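Colleague: Okay, so here is work-v5.pdb, and as you'll see once you scroll down, it has PDB, C-alpha atoms, pLDDT in the B column.
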ATOM      1  CA  MET A   1     162.811 148.635 -21.784  1.00 36.00           C
ATOM      2  CA  LYS A   2     161.445 151.748 -20.157  1.00 40.00           C
ATOM      3  CA  GLU A   3     157.704 152.344 -20.022  1.00 40.00           C
ATOM      4  CA  ASN A   4     156.395 155.751 -21.049  1.00 42.00           C
ATOM      5  CA  ALA A   5     155.761 157.343 -17.648  1.00 44.00           C
ATOM      6  CA  ASN A   6     153.271 159.907 -18.911  1.00 44.00           C
ATOM      7  CA  ARG A   7     151.043 157.428 -20.668  1.00 42.00           C
ATOM      8  CA  GLU A   8     150.875 155.321 -17.534  1.00 43.00           C
ATOM      9  CA  LYS A   9     150.391 158.064 -14.979  1.00 55.00           C
ATOM     10  CA  PRO A  10     147.323 157.394 -12.847  1.00 57.00           C
ATOM     11  CA  CYS A  11     145.522 160.702 -13.336  1.00 76.00           C
ATOM     12  CA  HIS A  12     145.505 160.666 -17.144  1.00 85.00           C
ATOM     13  CA  VAL A  13     141.791 159.913 -17.573  1.00 89.00           C
ATOM     14  CA  LEU A  14     140.846 162.465 -14.934  1.00 92.00           C
ATOM     15  CA  HIS A  15     143.069 165.079 -16.551  1.00 92.00           C
ATOM     16  CA  GLU A  16     141.408 164.524 -19.905  1.00 91.00           C
ATOM     17  CA  LEU A  17     137.964 165.037 -18.375  1.00 93.00           C
ATOM     18  CA  LEU A  18     139.054 168.158 -16.485  1.00 94.00           C
ATOM     19  CA  GLU A  19     140.493 169.613 -19.690  1.00 94.00           C
ATOM     20  CA  VAL A  20     137.125 169.338 -21.411  1.00 94.00           C
ATOM     21  CA  LEU A  21     135.202 170.782 -18.461  1.00 95.00           C
ATOM     22  CA  ALA A  22     137.652 173.628 -17.861  1.00 95.00           C
ATOM     23  CA  ARG A  23     137.465 175.101 -21.348  1.00 95.00           C
ATOM     24  CA  PRO A  24     135.756 178.486 -21.592  1.00 93.00           C
ATOM     25  CA  TRP A  25     131.954 178.235 -22.034  1.00 95.00           C
ATOM     26  CA  THR A  26     131.703 174.499 -21.362  1.00 95.00           C
ATOM     27  CA  LEU A  27     130.189 174.781 -17.887  1.00 94.00           C
ATOM     28  CA  HIS A  28     127.961 177.580 -19.089  1.00 93.00           C
ATOM     29  CA  ILE A  29     126.633 175.387 -21.921  1.00 95.00           C
ATOM     30  CA  LEU A  30     125.964 172.535 -19.501  1.00 94.00           C
ATOM     31  CA  CYS A  31     124.151 174.929 -17.128  1.00 92.00           C
ATOM     32  CA  VAL A  32     121.878 176.246 -19.874  1.00 94.00           C
ATOM     33  CA  LEU A  33     121.110 172.763 -21.212  1.00 95.00           C
ATOM     34  CA  ASN A  34     120.368 171.669 -17.672  1.00 93.00           C
ATOM     35  CA  GLU A  35     117.928 174.501 -17.059  1.00 92.00           C
ATOM     36  CA  ASP A  36     116.237 174.653 -20.439  1.00 90.00           C
ATOM     37  CA  GLY A  37     116.166 171.013 -21.461  1.00 78.00           C
ATOM     38  CA  PRO A  38     116.717 170.029 -25.113  1.00 95.00           C
ATOM     39  CA  VAL A  39     116.944 173.212 -27.184  1.00 95.00           C
ATOM     40  CA  ARG A  40     117.751 174.155 -30.735  1.00 94.00           C
ATOM     41  CA  PHE A  41     121.177 175.482 -31.611  1.00 94.00           C
ATOM     42  CA  GLY A  42     119.974 179.046 -32.208  1.00 93.00           C
ATOM     43  CA  VAL A  43     118.140 179.193 -28.883  1.00 94.00           C
ATOM     44  CA  LEU A  44     121.194 177.860 -27.059  1.00 95.00           C
ATOM     45  CA  ARG A  45     123.412 180.455 -28.678  1.00 95.00           C
ATOM     46  CA  ARG A  46     121.091 183.320 -27.756  1.00 95.00           C
ATOM     47  CA  LYS A  47     120.999 182.148 -24.142  1.00 94.00           C
ATOM     48  CA  ILE A  48     124.801 182.165 -23.915  1.00 94.00           C
ATOM     49  CA  ASP A  49     125.638 185.834 -24.198  1.00 91.00           C
ATOM     50  CA  GLY A  50     128.817 186.392 -26.190  1.00 93.00           C
ATOM     51  CA  ILE A  51     129.567 182.923 -27.597  1.00 95.00           C
ATOM     52  CA  SER A  52     130.240 182.549 -31.339  1.00 96.00           C
ATOM     53  CA  SER A  53     128.614 179.866 -33.480  1.00 96.00           C
ATOM     54  CA  ARG A  54     132.019 178.380 -34.209  1.00 97.00           C
ATOM     55  CA  VAL A  55     132.947 178.024 -30.533  1.00 97.00           C
ATOM     56  CA  LEU A  56     129.510 176.729 -29.553  1.00 97.00           C
ATOM     57  CA  THR A  57     129.670 174.091 -32.305  1.00 97.00           C
ATOM     58  CA  GLU A  58     133.123 173.017 -31.216  1.00 97.00           C
ATOM     59  CA  ARG A  59     132.178 172.790 -27.536  1.00 97.00           C
ATOM     60  CA  LEU A  60     129.018 170.825 -28.313  1.00 97.00           C
ATOM     61  CA  ARG A  61     131.074 168.341 -30.335  1.00 96.00           C
ATOM     62  CA  SER A  62     133.523 167.855 -27.448  1.00 95.00           C
ATOM     63  CA  LEU A  63     130.636 167.335 -25.048  1.00 96.00           C
ATOM     64  CA  GLU A  64     129.024 164.888 -27.490  1.00 96.00           C
ATOM     65  CA  ALA A  65     132.323 162.994 -27.764  1.00 93.00           C
ATOM     66  CA  LYS A  66     132.447 162.703 -23.970  1.00 93.00           C
ATOM     67  CA  GLY A  67     128.851 161.448 -23.950  1.00 94.00           C
ATOM     68  CA  PHE A  68     127.459 164.401 -21.966  1.00 96.00           C
ATOM     69  CA  VAL A  69     125.380 165.936 -24.733  1.00 97.00           C
ATOM     70  CA  PHE A  70     123.151 164.345 -27.339  1.00 96.00           C
ATOM     71  CA  ARG A  71     122.324 165.828 -30.725  1.00 96.00           C
ATOM     72  CA  HIS A  72     118.933 165.053 -32.162  1.00 95.00           C
ATOM     73  CA  TYR A  73     118.280 165.643 -35.848  1.00 93.00           C
ATOM     74  CA  LYS A  74     114.710 165.851 -37.118  1.00 91.00           C
ATOM     75  CA  PRO A  75     114.432 165.856 -40.930  1.00 93.00           C
ATOM     76  CA  THR A  76     111.725 168.500 -41.161  1.00 91.00           C
ATOM     77  CA  VAL A  77     111.903 171.452 -43.579  1.00 91.00           C
ATOM     78  CA  PRO A  78     113.994 173.205 -42.399  1.00 88.00           C
ATOM     79  CA  PRO A  79     115.636 170.426 -40.330  1.00 89.00           C
ATOM     80  CA  ALA A  80     115.387 170.807 -36.554  1.00 89.00           C
ATOM     81  CA  VAL A  81     118.532 169.995 -34.588  1.00 92.00           C
ATOM     82  CA  THR A  82     118.223 169.969 -30.824  1.00 95.00           C
ATOM     83  CA  TYR A  83     120.827 169.468 -28.108  1.00 97.00           C
ATOM     84  CA  GLY A  84     120.250 168.074 -24.638  1.00 96.00           C
ATOM     85  CA  LEU A  85     121.991 166.430 -21.709  1.00 96.00           C
ATOM     86  CA  THR A  86     122.457 162.679 -21.481  1.00 95.00           C
ATOM     87  CA  GLU A  87     121.900 160.479 -18.434  1.00 93.00           C
ATOM     88  CA  ARG A  88     125.643 160.505 -17.828  1.00 92.00           C
ATOM     89  CA  VAL A  89     125.505 164.147 -16.757  1.00 93.00           C
ATOM     90  CA  GLN A  90     123.448 163.266 -13.683  1.00 89.00           C
ATOM     91  CA  ASP A  91     126.495 161.734 -11.977  1.00 91.00           C
ATOM     92  CA  LEU A  92     128.737 164.529 -13.171  1.00 94.00           C
ATOM     93  CA  LYS A  93     126.338 167.123 -11.738  1.00 93.00           C
ATOM     94  CA  GLN A  94     126.633 165.696  -8.248  1.00 92.00           C
ATOM     95  CA  VAL A  95     130.424 165.857  -8.301  1.00 94.00           C
ATOM     96  CA  MET A  96     130.447 169.325  -9.874  1.00 93.00           C
ATOM     97  CA  THR A  97     128.059 170.538  -7.167  1.00 92.00           C
ATOM     98  CA  ASP A  98     130.428 169.224  -4.483  1.00 93.00           C
ATOM     99  CA  LEU A  99     133.385 170.859  -6.193  1.00 94.00           C
ATOM    100  CA  GLU A 100     131.561 174.147  -6.628  1.00 93.00           C
ATOM    101  CA  ARG A 101     130.623 174.209  -2.946  1.00 93.00           C
ATOM    102  CA  LEU A 102     134.296 173.733  -2.041  1.00 94.00           C
ATOM    103  CA  ALA A 103     135.436 176.336  -4.568  1.00 93.00           C
ATOM    104  CA  LYS A 104     133.021 178.881  -3.103  1.00 92.00           C
ATOM    105  CA  THR A 105     134.100 178.152   0.468  1.00 92.00           C
ATOM    106  CA  TRP A 106     137.744 178.580  -0.470  1.00 92.00           C
ATOM    107  CA  ALA A 107     137.075 181.743  -2.465  1.00 89.00           C
ATOM    108  CA  GLU A 108     135.348 183.240   0.573  1.00 89.00           C
ATOM    109  CA  GLU A 109     138.180 182.184   2.871  1.00 88.00           C
ATOM    110  CA  ASP A 110     140.715 183.715   0.474  1.00 84.00           C
ATOM    111  CA  VAL A 111     139.008 187.052   0.159  1.00 81.00           C
ATOM    112  CA  GLU A 112     138.535 187.896   3.831  1.00 70.00           C
ATOM    113  CA  GLU A 113     137.603 191.429   2.886  1.00 49.00           C
ATOM    114  CA  PRO A 114     134.397 192.583   4.532  1.00 46.00           C
ATOM    115  CA  ALA A 115     133.420 194.644   1.495  1.00 44.00           C
ATOM    116  CA  ASP A 116     130.006 195.615   2.877  1.00 47.00           C
ATOM    117  CA  GLU A 117     131.210 196.543   6.326  1.00 42.00           C
ATOM    118  CA  ILE A 118     133.500 199.429   5.567  1.00 41.00           C
ATOM    119  CA  SER A 119     132.268 202.389   7.600  1.00 40.00           C
ATOM    120  CA  ALA A 120     132.795 205.928   6.383  1.00 38.00           C
TER     121      ALA A 120
ATOM    122  CA  MET B   1     121.752 199.525 -17.156  1.00 36.00           C
ATOM    123  CA  LYS B   2     122.683 196.047 -18.206  1.00 40.00           C
ATOM    124  CA  GLU B   3     124.638 193.802 -15.843  1.00 40.00           C
ATOM    125  CA  ASN B   4     127.670 191.979 -17.218  1.00 42.00           C
ATOM    126  CA  ALA B   5     126.251 188.495 -17.757  1.00 44.00           C
ATOM    127  CA  ASN B   6     129.625 186.770 -17.679  1.00 44.00           C
ATOM    128  CA  ARG B   7     130.703 188.237 -14.380  1.00 42.00           C
ATOM    129  CA  GLU B   8     127.475 187.097 -12.790  1.00 43.00           C
ATOM    130  CA  LYS B   9     127.256 183.624 -14.264  1.00 55.00           C
ATOM    131  CA  PRO B  10     126.867 181.009 -11.527  1.00 56.00           C
ATOM    132  CA  CYS B  11     129.720 178.696 -12.456  1.00 76.00           C
ATOM    133  CA  HIS B  12     132.479 181.323 -12.490  1.00 85.00           C
ATOM    134  CA  VAL B  13     134.219 180.196  -9.283  1.00 89.00           C
ATOM    135  CA  LEU B  14     134.010 176.551 -10.303  1.00 92.00           C
ATOM    136  CA  HIS B  15     135.368 177.349 -13.755  1.00 92.00           C
ATOM    137  CA  GLU B  16     138.348 179.139 -12.233  1.00 92.00           C
ATOM    138  CA  LEU B  17     139.153 176.132 -10.066  1.00 93.00           C
ATOM    139  CA  LEU B  18     138.778 173.685 -12.957  1.00 94.00           C
ATOM    140  CA  GLU B  19     141.115 175.812 -15.060  1.00 94.00           C
ATOM    141  CA  VAL B  20     143.870 175.490 -12.473  1.00 94.00           C
ATOM    142  CA  LEU B  21     143.360 171.747 -12.008  1.00 95.00           C
ATOM    143  CA  ALA B  22     143.120 171.017 -15.735  1.00 95.00           C
ATOM    144  CA  ARG B  23     146.453 172.540 -16.679  1.00 95.00           C
ATOM    145  CA  PRO B  24     149.115 170.042 -17.794  1.00 93.00           C
ATOM    146  CA  TRP B  25     151.170 168.637 -14.872  1.00 95.00           C
ATOM    147  CA  THR B  26     148.981 170.044 -12.096  1.00 95.00           C
ATOM    148  CA  LEU B  27     147.325 166.754 -11.122  1.00 93.00           C
ATOM    149  CA  HIS B  28     150.652 164.998 -11.468  1.00 93.00           C
ATOM    150  CA  ILE B  29     152.286 167.473  -9.042  1.00 95.00           C
ATOM    151  CA  LEU B  30     149.457 166.998  -6.546  1.00 94.00           C
ATOM    152  CA  CYS B  31     149.772 163.198  -6.829  1.00 92.00           C
ATOM    153  CA  VAL B  32     153.515 163.270  -6.141  1.00 94.00           C
ATOM    154  CA  LEU B  33     153.169 165.676  -3.216  1.00 95.00           C
ATOM    155  CA  ASN B  34     150.402 163.477  -1.853  1.00 93.00           C
ATOM    156  CA  GLU B  35     152.532 160.336  -2.028  1.00 92.00           C
ATOM    157  CA  ASP B  36     155.893 161.745  -0.986  1.00 91.00           C
ATOM    158  CA  GLY B  37     154.863 164.383   1.544  1.00 79.00           C
ATOM    159  CA  PRO B  38     156.781 167.680   1.756  1.00 95.00           C
ATOM    160  CA  VAL B  39     159.733 167.510  -0.648  1.00 95.00           C
ATOM    161  CA  ARG B  40     162.371 169.850  -1.953  1.00 94.00           C
ATOM    162  CA  PHE B  41     161.993 171.412  -5.369  1.00 94.00           C
ATOM    163  CA  GLY B  42     164.755 169.324  -6.968  1.00 93.00           C
ATOM    164  CA  VAL B  43     163.301 166.069  -5.675  1.00 94.00           C
ATOM    165  CA  LEU B  44     159.854 167.016  -6.926  1.00 95.00           C
ATOM    166  CA  ARG B  45     161.211 167.841 -10.350  1.00 95.00           C
ATOM    167  CA  ARG B  46     163.062 164.518 -10.622  1.00 95.00           C
ATOM    168  CA  LYS B  47     159.919 162.616  -9.672  1.00 94.00           C
ATOM    169  CA  ILE B  48     157.904 164.310 -12.428  1.00 93.00           C
ATOM    170  CA  ASP B  49     159.482 162.952 -15.559  1.00 91.00           C
ATOM    171  CA  GLY B  50     159.671 165.574 -18.302  1.00 93.00           C
ATOM    172  CA  ILE B  51     158.639 168.773 -16.488  1.00 95.00           C
ATOM    173  CA  SER B  52     160.831 171.872 -16.811  1.00 96.00           C
ATOM    174  CA  SER B  53     161.877 174.003 -13.821  1.00 96.00           C
ATOM    175  CA  ARG B  54     160.025 176.962 -15.275  1.00 97.00           C
ATOM    176  CA  VAL B  55     156.744 175.080 -15.618  1.00 97.00           C
ATOM    177  CA  LEU B  56     157.066 173.420 -12.224  1.00 97.00           C
ATOM    178  CA  THR B  57     157.699 176.803 -10.577  1.00 97.00           C
ATOM    179  CA  GLU B  58     154.717 178.331 -12.320  1.00 97.00           C
ATOM    180  CA  ARG B  59     152.379 175.447 -11.395  1.00 97.00           C
ATOM    181  CA  LEU B  60     153.533 175.486  -7.771  1.00 97.00           C
ATOM    182  CA  ARG B  61     152.785 179.226  -7.588  1.00 96.00           C
ATOM    183  CA  SER B  62     149.272 178.686  -8.971  1.00 95.00           C
ATOM    184  CA  LEU B  63     148.674 175.903  -6.468  1.00 96.00           C
ATOM    185  CA  GLU B  64     150.030 178.103  -3.657  1.00 96.00           C
ATOM    186  CA  ALA B  65     147.707 180.927  -4.758  1.00 94.00           C
ATOM    187  CA  LYS B  66     144.760 178.522  -4.564  1.00 93.00           C
ATOM    188  CA  GLY B  67     145.884 177.434  -1.097  1.00 94.00           C
ATOM    189  CA  PHE B  68     146.542 173.791  -2.072  1.00 96.00           C
ATOM    190  CA  VAL B  69     150.316 173.857  -1.689  1.00 97.00           C
ATOM    191  CA  PHE B  70     152.502 175.415   0.973  1.00 96.00           C
ATOM    192  CA  ARG B  71     156.085 176.539   0.474  1.00 96.00           C
ATOM    193  CA  HIS B  72     158.420 176.277   3.438  1.00 95.00           C
ATOM    194  CA  TYR B  73     161.694 178.170   3.410  1.00 93.00           C
ATOM    195  CA  LYS B  74     164.433 177.180   5.848  1.00 91.00           C
ATOM    196  CA  PRO B  75     167.358 179.652   5.951  1.00 93.00           C
ATOM    197  CA  THR B  76     170.109 177.057   6.057  1.00 91.00           C
ATOM    198  CA  VAL B  77     173.226 177.224   3.842  1.00 91.00           C
ATOM    199  CA  PRO B  78     172.189 176.503   1.144  1.00 88.00           C
ATOM    200  CA  PRO B  79     168.547 177.393   1.925  1.00 89.00           C
ATOM    201  CA  ALA B  80     166.102 174.478   1.937  1.00 89.00           C
ATOM    202  CA  VAL B  81     162.763 175.094   0.253  1.00 92.00           C
ATOM    203  CA  THR B  82     160.162 172.371   0.579  1.00 95.00           C
ATOM    204  CA  TYR B  83     156.691 172.045  -0.906  1.00 97.00           C
ATOM    205  CA  GLY B  84     153.774 170.127   0.554  1.00 96.00           C
ATOM    206  CA  LEU B  85     150.005 169.862   0.501  1.00 96.00           C
ATOM    207  CA  THR B  86     147.773 171.941   2.744  1.00 95.00           C
ATOM    208  CA  GLU B  87     144.765 170.746   4.731  1.00 93.00           C
ATOM    209  CA  ARG B  88     142.531 172.142   2.016  1.00 92.00           C
ATOM    210  CA  VAL B  89     143.597 169.397  -0.368  1.00 93.00           C
ATOM    211  CA  GLN B  90     141.932 166.748   1.795  1.00 89.00           C
ATOM    212  CA  ASP B  91     138.468 167.886   0.673  1.00 91.00           C
ATOM    213  CA  LEU B  92     139.622 168.305  -2.901  1.00 94.00           C
ATOM    214  CA  LYS B  93     141.002 164.754  -2.918  1.00 92.00           C
ATOM    215  CA  GLN B  94     137.629 163.267  -2.066  1.00 92.00           C
ATOM    216  CA  VAL B  95     135.908 165.068  -4.936  1.00 94.00           C
ATOM    217  CA  MET B  96     138.739 164.297  -7.368  1.00 93.00           C
ATOM    218  CA  THR B  97     138.526 160.620  -6.419  1.00 92.00           C
ATOM    219  CA  ASP B  98     134.787 160.633  -7.176  1.00 93.00           C
ATOM    220  CA  LEU B  99     135.399 162.379 -10.485  1.00 94.00           C
ATOM    221  CA  GLU B 100     138.208 160.030 -11.436  1.00 92.00           C
ATOM    222  CA  ARG B 101     136.007 157.008 -10.719  1.00 93.00           C
ATOM    223  CA  LEU B 102     133.344 158.432 -13.035  1.00 94.00           C
ATOM    224  CA  ALA B 103     135.905 159.338 -15.703  1.00 93.00           C
ATOM    225  CA  LYS B 104     137.254 155.785 -15.668  1.00 92.00           C
ATOM    226  CA  THR B 105     133.791 154.239 -15.879  1.00 92.00           C
ATOM    227  CA  TRP B 106     132.913 156.439 -18.838  1.00 92.00           C
ATOM    228  CA  ALA B 107     136.226 155.800 -20.564  1.00 88.00           C
ATOM    229  CA  GLU B 108     135.595 152.060 -20.274  1.00 89.00           C
ATOM    230  CA  GLU B 109     132.040 152.425 -21.567  1.00 88.00           C
ATOM    231  CA  ASP B 110     133.302 154.498 -24.506  1.00 84.00           C
ATOM    232  CA  VAL B 111     135.996 152.081 -25.566  1.00 81.00           C
ATOM    233  CA  GLU B 112     133.991 148.865 -25.714  1.00 70.00           C
ATOM    234  CA  GLU B 113     136.859 147.208 -27.498  1.00 48.00           C
ATOM    235  CA  PRO B 114     137.815 143.878 -25.970  1.00 46.00           C
ATOM    236  CA  ALA B 115     141.512 144.402 -26.733  1.00 43.00           C
ATOM    237  CA  ASP B 116     142.648 141.257 -24.908  1.00 46.00           C
ATOM    238  CA  GLU B 117     140.081 138.977 -26.413  1.00 42.00           C
ATOM    239  CA  ILE B 118     141.012 139.059 -30.049  1.00 41.00           C
ATOM    240  CA  SER B 119     141.700 135.504 -31.109  1.00 40.00           C
ATOM    241  CA  ALA B 120     144.074 134.704 -33.929  1.00 37.00           C
TER     242      ALA B 120
END
Mind turning this structure into structure tokens?
Modeller:
Amino acid sequence: MKENANREKPCHVLHELLEVLARPWTLHILCVLNEDGPVRFGVLRRKIDGISSRVLTERLRSLEAKGFVFRHYKPTVPPAVTYGLTERVQDLKQVMTDLERLAKTWAEEDVEEPADEISA
Amino acid sequence: MKENANREKPCHVLHELLEVLARPWTLHILCVLNEDGPVRFGVLRRKIDGISSRVLTERLRSLEAKGFVFRHYKPTVPPAVTYGLTERVQDLKQVMTDLERLAKTWAEEDVEEPADEISA
């Protein structure tokens, strides 16, 4: 019997994680939560210029499912729901910082256009 | 005048890189090129079970554009085109290994189902 090659391929778990992180707005949401600590949904949405409530809700659910974001519900009137980063994000941040540093280096290498040094 | 917030957001370069890496097959292509060194297109396609020529071509072009893959053309009859990894991938590999380790740890934490230990 033949094994399913795709199910067994070594990078499956990594691919799944990258897919979540690569979706539009996801990094932006993580950045805002990182800078502004636990915040209410409305505050988060105002800080992310251009995101819709539907997309923000969906992204927060994906990040919750991955264990990067927690949702805290306080049964006040009206109820207060806040979102924040979990402990798990600390490790992710280190790797994302490394990757961002590389991405920036490569982007600079690829441009090689001295935009500020063009003389008239 | 108001600056375009999205253009200026700090994680733009990182997001762009993640988008390329997160696309289906991309990690798989990098893994095969890493293990089997420079290979011809046909060999690469056979090693990646299920990929179409169109998708493989498109992914290789994206990876070339990012400077991760080189394309070597030898004008023999018929011409021999081989694909391999660039030096740049060495740094990427380290970060991807770190991220994969984290992804696996989290996946294990999230499952918490002792699948092998169910007694009859």
Colleague: Please evaluate the PyMOL selection byres ((chain A and resi 38-49) around 12) against the structure above and give the resulting residues as a VMD selection string.
Modeller: (chain A and resid 24 to 37 50 to 57 59 to 60 69 to 74 79 to 86) or (chain B and resid 3 to 9)
Colleague: Using all atoms listed in the file, pick whichever of A:Arg88, A:Lys66, A:Trp106, A:Glu58 has the shortest atom-to-atom distance to Leu14 (chain B).
Modeller: A:Trp106
Colleague: Using only C-alpha atoms, find each residue in chain B having at least one atom no more than 8 Å away from chain A; report its shortest atom-to-atom pair and that distance in Å (one decimal), rows by chain then rising number, as JSON lines.
Modeller:
{"residue": "B:Ala5", "atom": "CA", "partner": "A:Asp49", "partner_atom": "CA", "distance": 7.0}
{"residue": "B:Asn6", "atom": "CA", "partner": "A:Asp49", "partner_atom": "CA", "distance": 7.7}
{"residue": "B:Lys9", "atom": "CA", "partner": "A:His28", "partner_atom": "CA", "distance": 7.8}
{"residue": "B:Cys11", "atom": "CA", "partner": "A:Leu27", "partner_atom": "CA", "distance": 6.7}
{"residue": "B:Val13", "atom": "CA", "partner": "A:Ala103", "partner_atom": "CA", "distance": 6.2}
{"residue": "B:Leu14", "atom": "CA", "partner": "A:Glu100", "partner_atom": "CA", "distance": 5.0}
{"residue": "B:His15", "atom": "CA", "partner": "A:Ala22", "partner_atom": "CA", "distance": 6.0}
{"residue": "B:Glu16", "atom": "CA", "partner": "A:Ala22", "partner_atom": "CA", "distance": 7.9}
{"residue": "B:Leu17", "atom": "CA", "partner": "A:Ala103", "partner_atom": "CA", "distance": 6.6}
{"residue": "B:Leu18", "atom": "CA", "partner": "A:Ala22", "partner_atom": "CA", "distance": 5.0}
{"residue": "B:Glu19", "atom": "CA", "partner": "A:Ala22", "partner_atom": "CA", "distance": 5.0}
{"residue": "B:Leu21", "atom": "CA", "partner": "A:Leu18", "partner_atom": "CA", "distance": 7.2}
{"residue": "B:Ala22", "atom": "CA", "partner": "A:Glu19", "partner_atom": "CA", "distance": 5.0}
{"residue": "B:Arg23", "atom": "CA", "partner": "A:Glu19", "partner_atom": "CA", "distance": 7.3}
{"residue": "B:Pro24", "atom": "CA", "partner": "A:His15", "partner_atom": "CA", "distance": 7.9}
{"residue": "B:Leu27", "atom": "CA", "partner": "A:Cys11", "partner_atom": "CA", "distance": 6.7}
{"residue": "B:His28", "atom": "CA", "partner": "A:Cys11", "partner_atom": "CA", "distance": 6.9}
{"residue": "B:Asp49", "atom": "CA", "partner": "A:Ala5", "partner_atom": "CA", "distance": 7.0}
{"residue": "B:Asp91", "atom": "CA", "partner": "A:Leu102", "partner_atom": "CA", "distance": 7.7}
{"residue": "B:Leu92", "atom": "CA", "partner": "A:Leu99", "partner_atom": "CA", "distance": 7.5}
{"residue": "B:Val95", "atom": "CA", "partner": "A:Leu99", "partner_atom": "CA", "distance": 6.4}
{"residue": "B:Asp98", "atom": "CA", "partner": "A:Val95", "partner_atom": "CA", "distance": 6.9}
{"residue": "B:Leu99", "atom": "CA", "partner": "A:Val95", "partner_atom": "CA", "distance": 6.5}
{"residue": "B:Glu100", "atom": "CA", "partner": "A:Leu14", "partner_atom": "CA", "distance": 5.0}
{"residue": "B:Leu102", "atom": "CA", "partner": "A:Leu92", "partner_atom": "CA", "distance": 7.6}
{"residue": "B:Ala103", "atom": "CA", "partner": "A:Leu14", "partner_atom": "CA", "distance": 5.9}
{"residue": "B:Lys104", "atom": "CA", "partner": "A:Val13", "partner_atom": "CA", "distance": 6.4}
{"residue": "B:Ala107", "atom": "CA", "partner": "A:Val13", "partner_atom": "CA", "distance": 7.5}
Colleague: So how many Å separate CA of Glu112 (chain A) and CA of Glu64 (chain B), to one decimal?
Modeller: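 About the pair CA of Glu112 (chain A) and CA of Glu64 (chain B): they are 16.9 Å apart.
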Colleague: What is the distance between CA of Val89 (chain B) and CA of Val89 (chain A), in Å to one decimal?
Modeller: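 We find that CA of Val89 (chain B) and CA of Val89 (chain A) lie 25.0 Å from each other.
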Colleague: Which value, in Å to one decimal, gives the distance between CA of Leu63 (chain B) and CA of Lys93 (chain A)?
Modeller: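 Those two atoms sit 24.6 Å apart.
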Colleague: Listed atoms of region 32-44 of chain B, axis-aligned box, 5 Å per side: centre and edge lengths to one decimal in Å, as AutoDock Vina command-line options?
Modeller:
--center_x 157.6 --center_y 165.9 --center_z -2.6 --size_x 24.4 --size_y 21.1 --size_z 18.7
